[in-house]
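Enquirer: Provided herewith is a single structure, encoded as structure tokens, for subsequent inquiry.
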Amino acid sequence: MGDTDRKLFVLDTNILLHEPFAIYSFQEHDVVIPMTVLEELDRIKDSKRDVARDARVAIRALEDIFRDATPDEISEGITFSTDMDATGTISILADFELQETVKAFADKAGDNRILNGVLYLQNKRAPREVVLVTKDINMRLRAKGAGVRFVEDYRTDQLIDDVQYLTKGFQQCEGEFWSNVDDVKSYSYEGKAFHTLSREPFEPTFINQYVIDQESDFAARVEKMEPDTITVRDLSRERMMNRKAWDISPKNIYQGMAMDALLDPDIDLVILTGAAGSGKTLLAMATALEQTIERGMFDKIIVTRNTPDIGESIGFLPGTEEEKMLPWLAAVTDTLEALHKNDHCTEGSMKYICEKANIQFKSINFMRGRSIQNAFVLLDECQNLTASQIKTIITRCGEGTKIVCSGNLAQIDSHYLTPVTSGLTYMVERFKNFEGSANIHLNGVVRSRLAEFAEENL
């Protein structure tokens with residue numbers, strides 16, 4: 001099965017659920033799919049879980065490769081494609097035929113069979129490296145305990161190694177901004193002030209990144225980037241802090257930057273990250289109402305989020321699609337209540353506003369295939385989405401649509417995602433050089449002193 005330079009990768013089921021086309025990431029090496037993995041994919045594809053679709057896609061990808069292969073070729077391994085550069089092979093291991101040598105999982109016969117298969121290949125294929133690839137941390141630990149020499153996580157979709165390196169969307173200069181600037185060219189255009197500065201002190205910098213300092217009133221946003229210079233638009237901290245949207249004003253400079261991006265008609269995508277209580281949903285809803293009702297920029301507001309897998313689809317809840325979605329969108333209805341708490345009749349105000357702004361609550365599962373025009377789309381709780389799910393929604397957005405994606409990477413509910421593999425992280429990294437998007441990390445909890453203390457100390 002080839003020379004000893006090529007590695008043998010044994011893929012666990014969760015790899016194909018996380019990335020159905022993962023098999024193509026190993027084309028210069030040999031890939032082995034244990035029969036147990038096919039068995040588990042078969043069980044999942046007929047379930048009501050979120051990952052059933054991914055299981056079906058993975059099965060179809062394998063079927064495309066093995067369609068014309070004989071049983072002997074399948075067990076020996078066939079090349080990935082007719083491409084001469086693809087030297088690797090892919091095979092299926094009948095792991096249920098092997099003698100059981102390890103019982104690492106007392107209650108998981110499938111995982112034991114996969115480990116047995118890896119140990120069998122490790123002995124049979126020595127001195128070649130046999131690598132078990134799994135996203136299950138416990139499986140990695142037990143595999144090492146059972147004697148598997150090489151165990152890895154699957155990271156080809158991971159753009160950064162640590163979420164602390166994720167771009168925050170703004171730069172905070174030490175001291176007073178202008179005291180650190182030697183050479184500047186300033187000019188005005190259409191009533192706005194611009195400054196062209198040397199790029200080097202700002203590296204790494206991205207388009208639409210905000211620049212603030214600690215001591216003065218200075219605040220700006222990167223408008224243009226050249227190899228040696230950047231041009232920033234002067235925004236003024238005081239002006240940003242005094243802006244209003246639906247009678248809401250920023251409580252800190254981070255909210256000020258977020259509101260500036262949310263109200264800017266030239267920015268089509270705004271990504272808001274930050275702790276619980278930092279004001280992500282409140283700012284998004286306030287600016288959505290302001291621009292839809294007061295300014296008439298959008299025809300409707302669409303609010304959507306992932307419905308976490310709780311063993312049932314949303315079909316088990318009574319009512320229309322919008323009524324079914326309400327339990328998951330309580331955060332948004334709470335926000336609407338907060339925005340109108342001082343009205344004479346809060347419930348009447350909310351009903352009137354929902355009709356006037358044409359607020360629609362949609363399930364993410366029904367967004368595929370749609371084309372959304374002239375709408376303000378709020379995609380809440382993005383940290384629980386994969387990159388492909390986020391792509392599905394962003395590619396729905398047509399002319400005149402603005403989309404706001406908000407989420408907190410510390411509150412991931414999905415079993416298959418971590419902060420570094422979340423679609424929210426992926427999106428922040430992918431869009432950081434796109435001139436039609438802005439990303440702001442909201443520091444500070446403004447919900448209450450209780451929420452702030454809990455965020456910092458629990």
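Residue numbering restarts at 1 for every chain of the structure tokens, chains are lettered A, B, ... in their displayed order, and ligands are numbered from 1 as they appear.
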Residues at most 8 Å from range 352-357 of chain A, counting only C-alpha atoms, excluding those fewer than 5 positions away in the same chain, as a VMD selection string?

Expert: chain A and resid 289 292 to 293 299 to 301

Enquirer: List every residue of range 109-316 of chain A that DSSP, applied to the backbone of this structure, assigns to strand (DSSP E), and report them as number ranges by chain.

Expert: A: 130-133, 150-152, 170-173, 184-189, 192-198, 210-213, 219-225, 229-234, 269-274, 300-305

Enquirer: Show which residues sit within 10 Å of range 112-127 of chain A, as a ChimeraX atom specification. Count only C-alpha atoms, and ignore same-chain residues fewer than 5 positions away.

Expert: /A:1,4-5,8-13,32-37,93-107,132,139,142-144,146-150

Enquirer: Would you mind listing what lies within 6 Å of range 163-179 of chain A as a ChimeraX atom specification, with only C-alpha atoms counted and same-chain residues fewer than 6 positions away left out?

Expert: /A:209-216,420,439-441

Enquirer: Hey, what's within 8 Å of Gly444 in chain A if we count only C-alpha atoms and toss same-chain stuff fewer than 3 positions away? As a list in words, please?

Expert: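 The residues satisfying every condition are Ala275, Ser278 and Glu452 of chain A.
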
Enquirer: Those same residues, written as a compact mmCIF listing (two decimals), in the first residue's frame with C-alpha atoms?

Expert:
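Dumped everything to out-v5.txt:
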# COMPACT_ATOMS: atom_id res chain seq x y z
CA ALA A 275 -19.54 38.71 26.60
CA SER A 278 -22.31 43.63 26.45
CA GLU A 452 -20.65 42.13 35.16

Enquirer: Considering only C-alpha atoms, can you say which of A:Asp266, A:Asp68, A:Glu455, A:Asp42 comes closest to Glu223 in chain A?

Expert: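 Counting only C-alpha atoms, the residue closest to Glu223 in chain A is A:Asp266.
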
Enquirer: Write out as a list in words the residues lying within 9 Å of Ser186 in chain A, counting only C-alpha atoms and excluding same-chain residues fewer than 4 positions away.

Expert: Ala193, Phe194, His195, Thr196 and Leu197 of chain A

Enquirer: Store the residues picked out above in a file with C-alpha atoms, as a PDB file, in the first residue's frame.

Expert:
ATOM      1  CA  ALA A 193     -12.080  64.658   7.759  1.00  0.00           C
ATOM      2  CA  PHE A 194      -9.463  62.140   6.603  1.00  0.00           C
ATOM      3  CA  HIS A 195      -5.851  61.595   7.680  1.00  0.00           C
ATOM      4  CA  THR A 196      -3.206  59.694   5.687  1.00  0.00           C
ATOM      5  CA  LEU A 197      -0.564  58.161   7.967  1.00  0.00           C
TER       6      LEU A 197
END
